[in-house]
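Structure below is data-v2.csv: CSV, C-alpha atoms.
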chain,number,residue,atom,x,y,z
A,59,MET,CA,-37.4,-16.2,73.9
A,60,LEU,CA,-37.3,-13.2,76.3
A,61,ALA,CA,-40.4,-12.3,78.3
A,62,MET,CA,-40.4,-8.8,76.7
A,63,ASP,CA,-40.5,-10.2,73.2
A,64,GLN,CA,-43.3,-12.6,74.2
A,65,GLY,CA,-45.3,-9.7,75.6
A,66,VAL,CA,-44.9,-7.7,72.4
A,67,VAL,CA,-46.2,-10.6,70.3
A,68,GLU,CA,-49.1,-11.3,72.6
A,69,GLU,CA,-50.2,-7.7,72.5
A,70,TRP,CA,-50.0,-7.8,68.7
A,71,LEU,CA,-52.2,-10.9,68.6
A,72,SER,CA,-54.8,-9.4,70.9
A,73,GLU,CA,-55.1,-5.9,69.3
A,74,TYR,CA,-55.9,-7.2,65.8
A,75,LYS,CA,-58.7,-9.4,67.0
A,76,THR,CA,-60.7,-6.5,68.5
A,77,LEU,CA,-60.0,-4.2,65.6
A,78,PRO,CA,-63.1,-3.0,63.6
A,79,GLU,CA,-63.1,-3.2,59.8
A,80,THR,CA,-63.0,0.5,59.4
A,81,ALA,CA,-59.7,0.8,61.3
A,82,VAL,CA,-57.8,-1.8,59.3
A,83,SER,CA,-56.2,0.7,57.0
A,84,SER,CA,-55.0,2.9,59.7
A,85,TYR,CA,-53.8,-0.1,61.7
A,86,ALA,CA,-51.8,-1.3,58.7
A,87,ALA,CA,-50.1,2.1,58.4
A,88,SER,CA,-49.1,2.0,62.1
A,89,LEU,CA,-47.3,-1.3,61.9
A,90,LYS,CA,-44.1,0.3,60.6
A,91,ASP,CA,-43.9,2.2,63.9
A,92,LYS,CA,-43.7,-1.0,66.0
A,93,GLY,CA,-39.9,-1.4,65.9
A,94,SER,CA,-39.8,-4.3,68.3
A,95,LEU,CA,-42.5,-6.4,66.8
A,96,VAL,CA,-40.7,-7.7,63.7
A,97,PRO,CA,-37.6,-9.0,65.5
A,98,ALA,CA,-39.9,-10.7,68.0
A,99,LEU,CA,-41.9,-12.4,65.3
A,100,TYR,CA,-38.6,-13.6,63.7
A,101,LYS,CA,-37.7,-15.3,67.0
A,102,VAL,CA,-41.1,-17.0,67.2
A,103,ILE,CA,-40.7,-18.4,63.7
A,104,ARG,CA,-37.2,-19.7,64.3
A,105,GLU,CA,-38.3,-21.5,67.5
A,106,ASN,CA,-40.2,-24.4,66.0
A,107,TYR,CA,-41.4,-25.5,69.4
A,108,SER,CA,-42.7,-22.1,70.5
A,109,ASP,CA,-46.3,-22.0,71.8
A,110,LEU,CA,-46.8,-18.7,70.0
A,111,LEU,CA,-45.9,-20.2,66.5
A,112,GLU,CA,-49.4,-21.4,65.7
A,113,PRO,CA,-51.3,-18.2,66.6
A,114,VAL,CA,-48.7,-16.1,64.8
A,115,CYS,CA,-49.1,-18.1,61.6
A,116,HIS,CA,-52.8,-17.9,61.9
A,117,GLN,CA,-52.7,-14.1,62.3
A,118,LEU,CA,-50.3,-13.7,59.4
A,119,PHE,CA,-52.7,-15.6,57.2
A,120,GLU,CA,-55.5,-13.3,58.4
A,121,PHE,CA,-53.4,-10.3,57.4
A,122,TYR,CA,-52.9,-11.8,53.9
A,123,ARG,CA,-56.6,-12.7,53.5
A,124,SER,CA,-57.7,-9.2,54.4
A,125,GLY,CA,-56.7,-7.9,51.0
A,126,GLU,CA,-55.0,-4.8,52.5
A,127,PRO,CA,-51.8,-4.4,50.5
A,128,ARG,CA,-49.8,-3.2,53.5
A,129,LEU,CA,-50.9,-6.1,55.6
A,130,GLN,CA,-50.1,-8.5,52.8
A,131,ARG,CA,-46.6,-7.1,52.4
A,132,PHE,CA,-46.1,-7.4,56.2
A,133,THR,CA,-46.8,-11.1,55.9
A,134,LEU,CA,-44.6,-11.5,52.8
A,135,GLN,CA,-41.5,-10.1,54.6
A,136,PHE,CA,-41.4,-13.3,56.7
A,137,LEU,CA,-41.7,-15.6,53.7
A,138,PRO,CA,-37.9,-16.5,53.4
A,139,GLU,CA,-37.8,-17.3,57.1
A,140,LEU,CA,-41.0,-19.4,56.9
A,141,VAL,CA,-39.7,-21.3,53.9
A,142,TRP,CA,-36.4,-22.1,55.6
A,143,SER,CA,-38.2,-23.2,58.8
A,144,TYR,CA,-40.4,-25.5,56.7
A,145,LEU,CA,-37.5,-27.0,54.7
A,146,SER,CA,-35.3,-27.5,57.7
A,147,VAL,CA,-38.1,-29.3,59.6
A,148,THR,CA,-38.9,-31.4,56.5
A,149,ALA,CA,-35.2,-32.4,56.2
A,150,CYS,CA,-35.2,-33.5,59.9
A,151,ARG,CA,-38.3,-35.7,59.2
A,152,ASP,CA,-40.3,-34.0,62.0
A,153,PRO,CA,-43.5,-32.8,60.2
A,154,HIS,CA,-45.4,-32.3,63.4
A,155,CYS,CA,-43.5,-29.1,64.1
A,156,SER,CA,-44.2,-27.6,60.7
A,157,GLY,CA,-48.0,-28.1,60.4
A,158,CYS,CA,-48.9,-24.4,61.0
A,159,ILE,CA,-46.1,-23.1,58.8
A,160,GLU,CA,-47.2,-25.5,56.0
A,161,ALA,CA,-50.8,-24.3,56.4
A,162,LEU,CA,-49.7,-20.7,56.1
A,163,LEU,CA,-47.6,-21.3,53.0
A,164,LEU,CA,-50.4,-23.2,51.3
A,165,GLY,CA,-53.0,-20.6,52.3
A,166,ILE,CA,-50.9,-17.8,50.7
A,167,TYR,CA,-50.4,-19.9,47.6
A,168,ASN,CA,-54.1,-20.7,47.1
A,169,LEU,CA,-55.0,-17.1,47.5
A,170,GLU,CA,-52.5,-15.9,44.9
A,171,ILE,CA,-53.4,-18.3,42.2
A,172,VAL,CA,-56.9,-17.0,41.8
A,173,ASP,CA,-58.4,-13.6,41.1
A,174,LYS,CA,-61.1,-11.7,43.0
A,175,ASP,CA,-63.8,-13.8,41.3
A,176,GLY,CA,-62.2,-17.0,42.3
A,177,GLN,CA,-61.0,-17.8,38.8
A,178,SER,CA,-57.5,-19.2,38.1
A,179,LYS,CA,-55.0,-16.5,37.2
A,180,VAL,CA,-52.7,-16.8,34.2
A,181,LEU,CA,-49.6,-14.7,34.5
A,182,SER,CA,-48.0,-13.4,31.2
A,183,PHE,CA,-44.4,-12.2,30.6
A,184,THR,CA,-43.2,-10.5,27.4
A,185,ILE,CA,-39.7,-11.5,26.4
A,186,PRO,CA,-37.9,-8.4,25.0
A,187,SER,CA,-37.1,-8.6,21.3
A,188,LEU,CA,-33.8,-7.3,19.9
A,189,SER,CA,-35.8,-5.3,17.3
A,190,LYS,CA,-37.7,-3.3,19.9
A,191,PRO,CA,-36.1,-1.0,22.5
A,192,SER,CA,-36.4,-1.9,26.1
A,193,VAL,CA,-34.9,-0.8,29.5
A,194,TYR,CA,-32.0,-3.1,28.8
A,195,HIS,CA,-31.0,-2.3,25.2
A,196,GLU,CA,-31.4,-0.1,22.2
A,197,PRO,CA,-31.7,-1.7,18.7
A,198,SER,CA,-29.2,0.8,17.3
A,199,SER,CA,-26.5,-0.5,19.6
A,200,PHE,CA,-26.3,-3.8,17.7
A,201,GLY,CA,-25.2,-2.3,14.4
A,202,SER,CA,-27.1,-1.1,11.4
A,203,LEU,CA,-30.4,0.4,12.6
A,204,ALA,CA,-32.3,-0.4,9.4
A,205,LEU,CA,-30.9,-3.9,9.3
A,206,THR,CA,-31.7,-4.7,12.9
A,207,GLU,CA,-35.1,-3.2,13.3
A,208,GLY,CA,-36.3,-4.0,9.8
A,209,ALA,CA,-35.1,-7.6,9.5
A,210,LEU,CA,-36.0,-8.7,13.0
A,211,ALA,CA,-39.3,-6.9,13.2
A,212,ASN,CA,-40.5,-8.7,10.1
A,213,HIS,CA,-39.9,-12.0,11.7
A,214,GLY,CA,-42.1,-11.2,14.7
A,215,LEU,CA,-39.6,-12.2,17.4
A,216,SER,CA,-41.7,-10.8,20.3
A,217,ARG,CA,-42.7,-13.7,22.5
A,218,VAL,CA,-45.1,-13.9,25.4
A,219,VAL,CA,-44.6,-16.6,28.1
A,220,TYR,CA,-47.6,-17.7,30.2
A,221,SER,CA,-47.5,-19.1,33.7
A,222,GLY,CA,-50.6,-20.9,34.9
A,223,PRO,CA,-53.3,-21.8,35.6
A,224,HIS,CA,-52.0,-23.3,38.8
A,225,LEU,CA,-53.7,-26.1,40.7
A,226,GLN,CA,-54.9,-25.6,44.2
A,227,ARG,CA,-53.0,-27.6,46.8
A,228,GLU,CA,-54.3,-28.9,50.1
A,229,THR,CA,-51.0,-30.4,51.3
A,230,PHE,CA,-47.4,-30.6,50.4
A,231,THR,CA,-46.0,-33.6,48.7
A,232,ALA,CA,-42.5,-34.4,47.3
A,233,GLN,CA,-43.8,-33.7,43.8
A,234,ASN,CA,-45.5,-30.3,44.4
A,235,ARG,CA,-43.3,-28.9,47.2
A,236,PHE,CA,-40.9,-26.8,45.1
A,237,GLU,CA,-43.6,-25.9,42.6
A,238,VAL,CA,-45.5,-24.2,45.4
A,239,LEU,CA,-42.4,-22.6,47.0
A,240,THR,CA,-41.2,-21.3,43.7
A,241,PHE,CA,-44.5,-19.6,43.1
A,242,LEU,CA,-44.4,-18.1,46.5
A,243,LEU,CA,-40.9,-16.7,45.9
A,244,LEU,CA,-42.2,-15.2,42.6
A,245,CYS,CA,-44.9,-13.3,44.7
A,246,TYR,CA,-42.2,-12.2,47.1
A,247,ASN,CA,-40.0,-10.9,44.3
A,248,ALA,CA,-42.9,-8.9,43.0
A,249,ALA,CA,-42.9,-6.9,46.2
A,250,LEU,CA,-39.1,-6.7,46.7
A,251,SER,CA,-39.0,-2.9,46.7
A,252,TYR,CA,-41.2,-2.9,49.9
A,253,MET,CA,-39.1,-5.5,51.8
A,254,THR,CA,-37.1,-4.5,54.9
A,255,SER,CA,-33.4,-5.1,55.4
A,256,SER,CA,-34.1,-7.9,57.8
A,257,SER,CA,-36.2,-9.6,55.2
A,258,LEU,CA,-33.5,-9.3,52.5
A,259,GLN,CA,-30.9,-10.7,55.0
A,260,SER,CA,-33.2,-13.6,55.7
A,261,LEU,CA,-33.5,-14.3,51.9
A,262,CYS,CA,-29.7,-14.3,51.6
A,263,GLN,CA,-29.4,-16.7,54.5
A,264,LEU,CA,-32.1,-19.0,53.1
A,265,SER,CA,-30.2,-19.1,49.7
A,266,SER,CA,-26.9,-20.0,51.3
A,267,ARG,CA,-28.3,-22.6,53.6
A,268,VAL,CA,-30.4,-24.3,51.0
A,269,SER,CA,-27.4,-24.4,48.6
A,270,ILE,CA,-24.6,-25.7,50.9
A,271,CYS,CA,-26.3,-27.9,53.5
A,272,GLY,CA,-24.8,-31.4,53.2
A,273,TYR,CA,-22.0,-30.3,50.9
A,274,PRO,CA,-18.3,-29.6,51.7
A,275,ARG,CA,-18.8,-25.8,51.5
A,276,GLN,CA,-21.0,-26.0,54.7
A,277,GLN,CA,-17.7,-26.4,56.7
A,278,LEU,CA,-16.3,-23.3,55.0
A,279,ARG,CA,-19.4,-21.2,55.9
A,280,ARG,CA,-19.3,-22.6,59.5
A,281,TYR,CA,-23.0,-23.3,59.5
A,282,LYS,CA,-23.9,-25.8,62.2
A,283,GLY,CA,-27.5,-26.3,61.4
A,284,ILE,CA,-28.9,-29.3,59.6
A,285,SER,CA,-26.4,-31.4,57.6
A,286,ALA,CA,-28.9,-33.1,55.4
A,287,ARG,CA,-29.0,-32.2,51.7
A,288,LEU,CA,-32.1,-30.4,50.5
A,289,MET,CA,-33.4,-31.2,47.1
A,290,VAL,CA,-33.9,-28.0,45.0
A,291,THR,CA,-35.0,-27.2,41.4
A,292,SER,CA,-33.5,-24.9,38.9
A,293,GLU,CA,-36.6,-22.6,38.9
A,294,PHE,CA,-36.4,-22.3,42.7
A,295,LEU,CA,-32.8,-21.2,42.5
A,296,VAL,CA,-33.6,-18.7,39.7
A,297,GLN,CA,-36.1,-17.0,42.0
A,298,LEU,CA,-33.6,-16.9,44.8
A,299,ILE,CA,-31.0,-15.3,42.5
A,300,THR,CA,-33.5,-12.6,41.5
A,301,GLY,CA,-34.0,-11.7,45.2
A,302,ILE,CA,-30.2,-11.8,45.8
A,303,HIS,CA,-29.6,-9.4,42.9
A,304,PHE,CA,-31.9,-6.9,44.6
A,305,ALA,CA,-30.3,-7.4,48.0
A,306,LEU,CA,-26.9,-6.8,46.4
A,307,CYS,CA,-27.9,-3.5,45.0
A,308,ASN,CA,-29.6,-2.3,48.2
A,309,GLY,CA,-27.1,-2.6,51.0
A,310,GLU,CA,-26.6,-6.3,51.6
A,311,VAL,CA,-23.3,-6.6,49.7
A,312,ASP,CA,-21.6,-9.1,52.0
A,313,LEU,CA,-24.5,-11.5,52.5
A,314,GLY,CA,-25.6,-11.1,48.9
A,315,SER,CA,-22.2,-11.9,47.5
A,316,LYS,CA,-21.9,-15.0,49.6
A,317,ALA,CA,-25.4,-16.1,48.8
A,318,LEU,CA,-24.8,-15.7,45.0
A,319,ASP,CA,-21.6,-17.7,45.2
A,320,ASP,CA,-23.3,-20.4,47.1
A,321,VAL,CA,-26.2,-20.7,44.7
A,322,LEU,CA,-23.8,-20.8,41.8
A,323,TYR,CA,-21.9,-23.5,43.6
A,324,ARG,CA,-25.0,-25.6,44.0
A,325,SER,CA,-26.0,-24.9,40.4
A,326,GLN,CA,-22.7,-26.3,39.2
A,327,LEU,CA,-23.1,-29.4,41.2
A,328,GLU,CA,-26.6,-30.0,40.0
A,329,LEU,CA,-25.8,-28.8,36.4
A,330,PHE,CA,-28.7,-26.4,36.3
A,331,PRO,CA,-28.2,-24.3,33.1
A,332,GLU,CA,-30.9,-21.7,33.8
A,333,ALA,CA,-29.6,-20.9,37.3
A,334,LEU,CA,-26.0,-20.8,36.0
A,335,LEU,CA,-26.9,-18.5,33.2
A,336,VAL,CA,-28.8,-16.0,35.4
A,337,GLY,CA,-26.3,-16.1,38.2
A,338,ASN,CA,-23.2,-15.7,36.1
A,339,ALA,CA,-24.9,-12.9,34.1
A,340,ILE,CA,-25.6,-11.0,37.4
A,341,LYS,CA,-22.1,-11.7,38.7
A,342,SER,CA,-20.6,-10.3,35.5
A,343,SER,CA,-22.8,-7.2,35.5
A,344,LEU,CA,-21.7,-6.4,39.0
A,345,HIS,CA,-18.0,-7.0,38.4
A,346,GLY,CA,-16.1,-3.8,39.1
A,347,ALA,CA,-19.4,-1.9,39.9
A,348,THR,CA,-19.6,0.2,43.1
A,349,LEU,CA,-22.6,-1.2,45.0
A,350,LYS,CA,-24.4,1.0,47.5
A,351,SER,CA,-23.4,0.2,51.1
A,352,ASN,CA,-26.1,2.4,52.7
A,353,LYS,CA,-29.5,1.0,53.3
A,354,GLU,CA,-31.4,4.2,53.0
A,355,GLY,CA,-33.0,5.8,50.0
A,356,THR,CA,-35.0,4.5,47.0
A,357,ARG,CA,-34.8,0.7,46.5
A,358,SER,CA,-33.8,-0.2,43.0
A,359,ILE,CA,-31.7,-2.5,40.9
A,360,GLN,CA,-28.7,-1.1,39.1
A,361,VAL,CA,-29.0,-1.3,35.3
A,362,GLU,CA,-26.5,0.2,32.8
A,363,ILE,CA,-28.6,1.8,30.1
A,364,THR,CA,-27.2,1.8,26.5
A,365,PRO,CA,-27.2,5.1,24.6
A,366,THR,CA,-30.6,6.0,23.2
A,367,ALA,CA,-31.2,6.4,19.5
A,368,SER,CA,-31.4,10.1,19.7
A,369,ARG,CA,-28.0,10.3,21.3
A,370,ILE,CA,-26.5,8.1,18.6
A,371,SER,CA,-28.1,9.9,15.7
A,372,ARG,CA,-26.9,13.3,16.9
A,373,ASN,CA,-23.5,12.5,15.5
A,374,ALA,CA,-24.6,10.7,12.5
A,375,VAL,CA,-23.1,11.6,9.1
A,376,THR,CA,-25.6,13.2,6.8
A,377,SER,CA,-25.5,15.0,3.5
A,378,LEU,CA,-26.0,18.3,5.3
A,379,SER,CA,-23.1,17.7,7.7
A,380,ILE,CA,-20.8,16.8,4.8
A,381,ARG,CA,-21.7,20.0,3.0
A,382,GLY,CA,-21.1,22.0,6.1
A,383,HIS,CA,-17.8,20.3,6.6
A,384,ARG,CA,-16.9,21.1,3.0
A,385,TRP,CA,-17.5,24.8,3.4
A,386,LYS,CA,-15.4,24.8,6.6
A,387,ARG,CA,-12.5,23.2,4.8
A,388,HIS,CA,-12.9,25.7,1.9
A,389,GLU,CA,-12.7,28.7,4.3
A,390,SER,CA,-9.6,27.2,6.1
A,391,GLN,CA,-7.8,26.8,2.8
A,392,GLU,CA,-8.6,30.4,1.9
A,393,ASP,CA,-7.0,31.5,5.2
A,394,SER,CA,-3.9,29.5,4.5
A,395,VAL,CA,-3.5,31.0,1.0
A,396,ASP,CA,-3.6,34.5,2.4
A,397,SER,CA,-0.8,33.7,4.8
A,398,PRO,CA,2.7,34.5,3.3
A,399,ASP,CA,4.3,31.6,5.2
A,400,SER,CA,2.2,29.1,3.3
A,401,CYS,CA,3.9,29.8,-0.1
A,402,PRO,CA,6.9,27.5,-0.8
A,403,THR,CA,10.0,28.9,-2.4
A,404,GLY,CA,11.9,27.7,-5.3
A,405,PRO,CA,11.0,26.8,-8.9
A,406,ILE,CA,7.8,25.1,-9.6
A,407,PRO,CA,8.4,21.9,-11.5
A,408,GLU,CA,6.2,20.9,-14.4
A,409,ILE,CA,4.2,17.8,-13.3
A,410,SER,CA,1.1,16.0,-14.5
A,411,VAL,CA,-1.6,14.7,-12.3
A,412,THR,CA,-3.3,11.5,-13.3
A,413,GLY,CA,-7.1,11.3,-12.9
A,414,VAL,CA,-7.7,15.0,-12.3
A,415,SER,CA,-8.3,18.0,-14.4
A,416,GLY,CA,-4.9,19.5,-14.9
A,417,GLU,CA,-3.7,21.8,-17.7
A,418,ARG,CA,-0.5,23.7,-18.3
A,419,LEU,CA,-0.8,27.3,-18.9
A,420,ALA,CA,0.3,28.8,-22.2
A,421,ASN,CA,3.7,30.2,-20.9
A,422,GLY,CA,4.7,26.8,-19.4
A,423,GLU,CA,5.5,28.3,-16.1
A,424,ALA,CA,2.4,27.4,-14.1
A,425,LEU,CA,0.4,24.4,-13.5
A,426,ARG,CA,-3.3,24.1,-12.6
A,427,CYS,CA,-4.3,21.0,-10.8
A,428,ARG,CA,-7.1,19.6,-8.8
A,429,THR,CA,-6.1,19.3,-5.1
A,430,GLU,CA,-7.8,18.3,-1.9
A,431,GLY,CA,-9.2,21.8,-1.6
A,432,GLU,CA,-10.8,21.4,-5.0
A,433,ALA,CA,-12.3,18.1,-4.1
A,434,LEU,CA,-13.9,19.7,-1.0
A,435,GLY,CA,-15.1,22.8,-2.8
A,436,GLY,CA,-12.4,24.7,-4.6
A,437,ALA,CA,-9.5,24.6,-7.1
A,438,THR,CA,-6.0,25.8,-6.3
A,439,GLU,CA,-4.0,27.4,-9.1
A,440,VAL,CA,-0.3,27.9,-8.8
A,441,GLY,CA,1.6,30.2,-11.1
A,442,VAL,CA,4.4,32.7,-11.5
A,443,ASP,CA,3.8,36.4,-12.2
A,444,PRO,CA,6.0,38.4,-14.6
A,445,ARG,CA,8.2,39.5,-11.7
A,446,GLY,CA,9.1,35.8,-10.9
A,447,GLN,CA,7.1,35.5,-7.7
A,448,GLU,CA,4.7,32.7,-6.9
A,449,VAL,CA,1.0,33.4,-7.0
A,450,ARG,CA,-1.6,31.0,-5.6
A,451,ARG,CA,-5.3,31.5,-6.2
A,452,GLN,CA,-8.3,29.4,-5.3
A,453,LYS,CA,-11.3,29.3,-7.4
A,454,SER,CA,-14.5,28.0,-5.9
A,455,VAL,CA,-16.3,25.3,-7.8
A,456,ARG,CA,-19.2,25.3,-5.4
A,457,LYS,CA,-21.6,26.1,-8.2
A,458,HIS,CA,-20.3,23.3,-10.4
A,459,LEU,CA,-20.6,20.8,-7.6
A,460,GLU,CA,-24.2,21.8,-6.8
A,461,ASP,CA,-25.1,21.8,-10.5
A,462,GLY,CA,-23.5,18.3,-11.0
A,463,THR,CA,-21.2,19.6,-13.7
A,464,PRO,CA,-17.5,18.7,-13.7
A,465,SER,CA,-15.0,21.3,-12.4
A,466,ALA,CA,-13.6,23.2,-15.3
A,467,GLY,CA,-12.7,26.7,-16.4
A,468,ARG,CA,-9.2,27.9,-16.7
A,469,VAL,CA,-8.2,30.8,-14.6
A,470,GLN,CA,-5.5,33.0,-16.2
A,471,LEU,CA,-2.8,34.2,-13.9
If you took the structure in this file and wrote it as structure tokens, what would it be?
Amino acid sequence: MLAMDQGVVEEWLSEYKTLPETAVSSYAASLKDKGSLVPALYKVIRENYSDLLEPVCHQLFEFYRSGEPRLQRFTLQFLPELVWSYLSVTACRDPHCSGCIEALLLGIYNLEIVDKDGQSKVLSFTIPSLSKPSVYHEPSSFGSLALTEGALANHGLSRVVYSGPHLQRETFTAQNRFEVLTFLLLCYNAALSYMTSSSLQSLCQLSSRVSICGYPRQQLRRYKGISARLMVTSEFLVQLITGIHFALCNGEVDLGSKALDDVLYRSQLELFPEALLVGNAIKSSLHGATLKSNKEGTRSIQVEITPTASRISRNAVTSLSIRGHRWKRHESQEDSVDSPDSCPTGPIPEISVTGVSGERLANGEALRCRTEGEALGGATEVGVDPRGQEVRRQKSVRKHLEDGTPSAGRVQL
């Protein structure tokens, strides 16, 4: 570690100790202006034998215990690197180097599982129902609107999942290690939109290393760290995938893609259905999509919204639209009748039309039949005048259709 970085960290440690309570808020706002502080703290965390590691972990815990949201988010940005440092030291069976990191992780966990009054918190999550619209879907996109909303809503498919209460932990064991780490990643993912690019990169690196260490893919990734296999759980990998998804959509395309492939690789080896389902769903949704390569602007996750109900119903067929369409067809036929090019030449044969109202005129030289124009609002009558020329007339049956009476009434030519 360079002397300059060490000086930055030591100054950061000393200035917070002498800070009065009234100046905590303004101090938290000024941390973003310390550009050299965050890289220096990352170097301290990565060097497990650094003398500054213990005071840094202690001050990060003080930040989180202060209750100031900006100080808490400042601590959370180092969580992926802290988790990896703890897991790597645990895999090497050298717990003496990870005591302060373990205490910091357990301290954050114990603070998060209780509310302000010290009571255990119970987190609730509502699973979207197909019968109710959400940010991911519209009920009308699944077929009949009445069938989907009516049938599914009656069955009460809305479901609420609860998480907690969680037990307080005083130390890490093989049984509770990933339970605690999974909950910490859940807290980290809740503040993803505030995380810096360096924090997202650390999350992707954590995901890849945890997934491939001790497996053949480690040689492909050319990672020369620990070679021991790390035990993971499906819930832990799902939380990693959630953070990777955000990183993919906010500038970390290369690291995020590798991390997602590595987590899916480990999920296949371990046969974790939850992680495979979530990971493959994200991978399919990003297939062919143009991800943002810039790291500026609003942080978000890309979601393709289905058309809303109002947009779909705008083109719906109603009785009013059918009637308007009928009048338009009627007017277009009247225009075609007035055109001299529309009248065919030659004799008019005598034909009979089955299923329609057709009658021969008295002189046997004309035929009245119900055509498409009559079905949409008019009757076309064809005849021959005394001079031997064809005559076509169209009689509106709009009144008969509206009254519900059959189209009738002979028109003499």
- Message: Excluding stretch 229-231 of chain A and its own-chain neighbours fewer than 5 positions away, which residues fall within 12 Å of it when counting only C-alpha atoms? Please give them as a list in words.
- Response: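 In the requested format, the answer is Tyr144, Leu145, Thr148, Pro153, Ser156, Gly157, Cys158, Ile159, Glu160, Ala161, Leu162, Leu163, Leu164, Gly165, Tyr167, Asn168, Phe236, Glu237, Val238 and Leu239 of chain A.
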- Nearest to A:Leu60, chosen from A:Leu322, A:Arg151, A:Ser108, A:Gln130, with only C-alpha atoms counted in the distances: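 Counting only C-alpha atoms, the residue closest to A:Leu60 is A:Ser108.
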- Nearest-residue call for A:Ser325, choices A:Gly309, A:Ile270, A:Ile302, A:Leu264, using all atoms listed in the file: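 Closest to A:Ser325 of all the choices is A:Ile270.
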- Could you check how far atom CA of A:Ala286 sits from atom CA of A:Cys150, in Å to one decimal?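 The value is 7.8 Å.
Pairwise distance (atom CA of A:Gln263, atom CA of A:Ala249) equals 18.6 Å.
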- Task: Take atom CA of A:Pro331 and atom CA of A:Glu310 and report the distance between them in Å, one decimal.
- Result: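 Answer for the atom CA of A:Pro331 to atom CA of A:Glu310 separation: 25.9 Å.
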- Distance query A:His345 at most 12 Å, all atoms listed in the file, self and fewer than 5 positions along chain excluded, as JSON, numbers by chain: {"A": [306, 315, 338, 339, 340]}
- Would you mind listing what lies within 8 Å of stretch 87-104 of chain A as number ranges by chain, with only C-alpha atoms counted and same-chain residues fewer than 3 positions away left out? A: 59, 63-64, 66-67, 70, 83-84, 108, 110-111, 114, 128, 136, 139-140, 143
Residues as selected, C-alpha atoms, written as a tab-separated table (two decimals), in the frame of the given file, can you do that?
chain	number	residue	atom	x	y	z
A	59	MET	CA	-37.40	-16.20	73.90
A	63	ASP	CA	-40.50	-10.20	73.20
A	64	GLN	CA	-43.30	-12.60	74.20
A	66	VAL	CA	-44.90	-7.70	72.40
A	67	VAL	CA	-46.20	-10.60	70.30
A	70	TRP	CA	-50.00	-7.80	68.70
A	83	SER	CA	-56.20	0.70	57.00
A	84	SER	CA	-55.00	2.90	59.70
A	108	SER	CA	-42.70	-22.10	70.50
A	110	LEU	CA	-46.80	-18.70	70.00
A	111	LEU	CA	-45.90	-20.20	66.50
A	114	VAL	CA	-48.70	-16.10	64.80
A	128	ARG	CA	-49.80	-3.20	53.50
A	136	PHE	CA	-41.40	-13.30	56.70
A	139	GLU	CA	-37.80	-17.30	57.10
A	140	LEU	CA	-41.00	-19.40	56.90
A	143	SER	CA	-38.20	-23.20	58.80
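Counting all atoms listed in the file and comparing A:Gly125, A:Pro113, A:Gly301, A:Gly222, the residue that lies closest to A:Lys174 is A:Gly125.
Using all atoms listed in the file, the shortest contact distance between A:Ser256 and any of A:Thr76, A:Gln135, A:Thr291, A:Ser124 is found at A:Gln135.
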- Might you pull out every residue within 10 Å of A:Lys282, with all atoms listed in the file counted and same-chain residues fewer than 5 positions away left off, and present them as a list in words? Cys271, Gln276 and Gln277 of chain A
- Query: With all atoms listed in the file as the basis for distance, which of A:Arg287, A:Val296, A:Asp312, A:Gln117 is at the shortest distance from A:Glu73?
  - Reply: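 The closest residue to A:Glu73 is A:Gln117.
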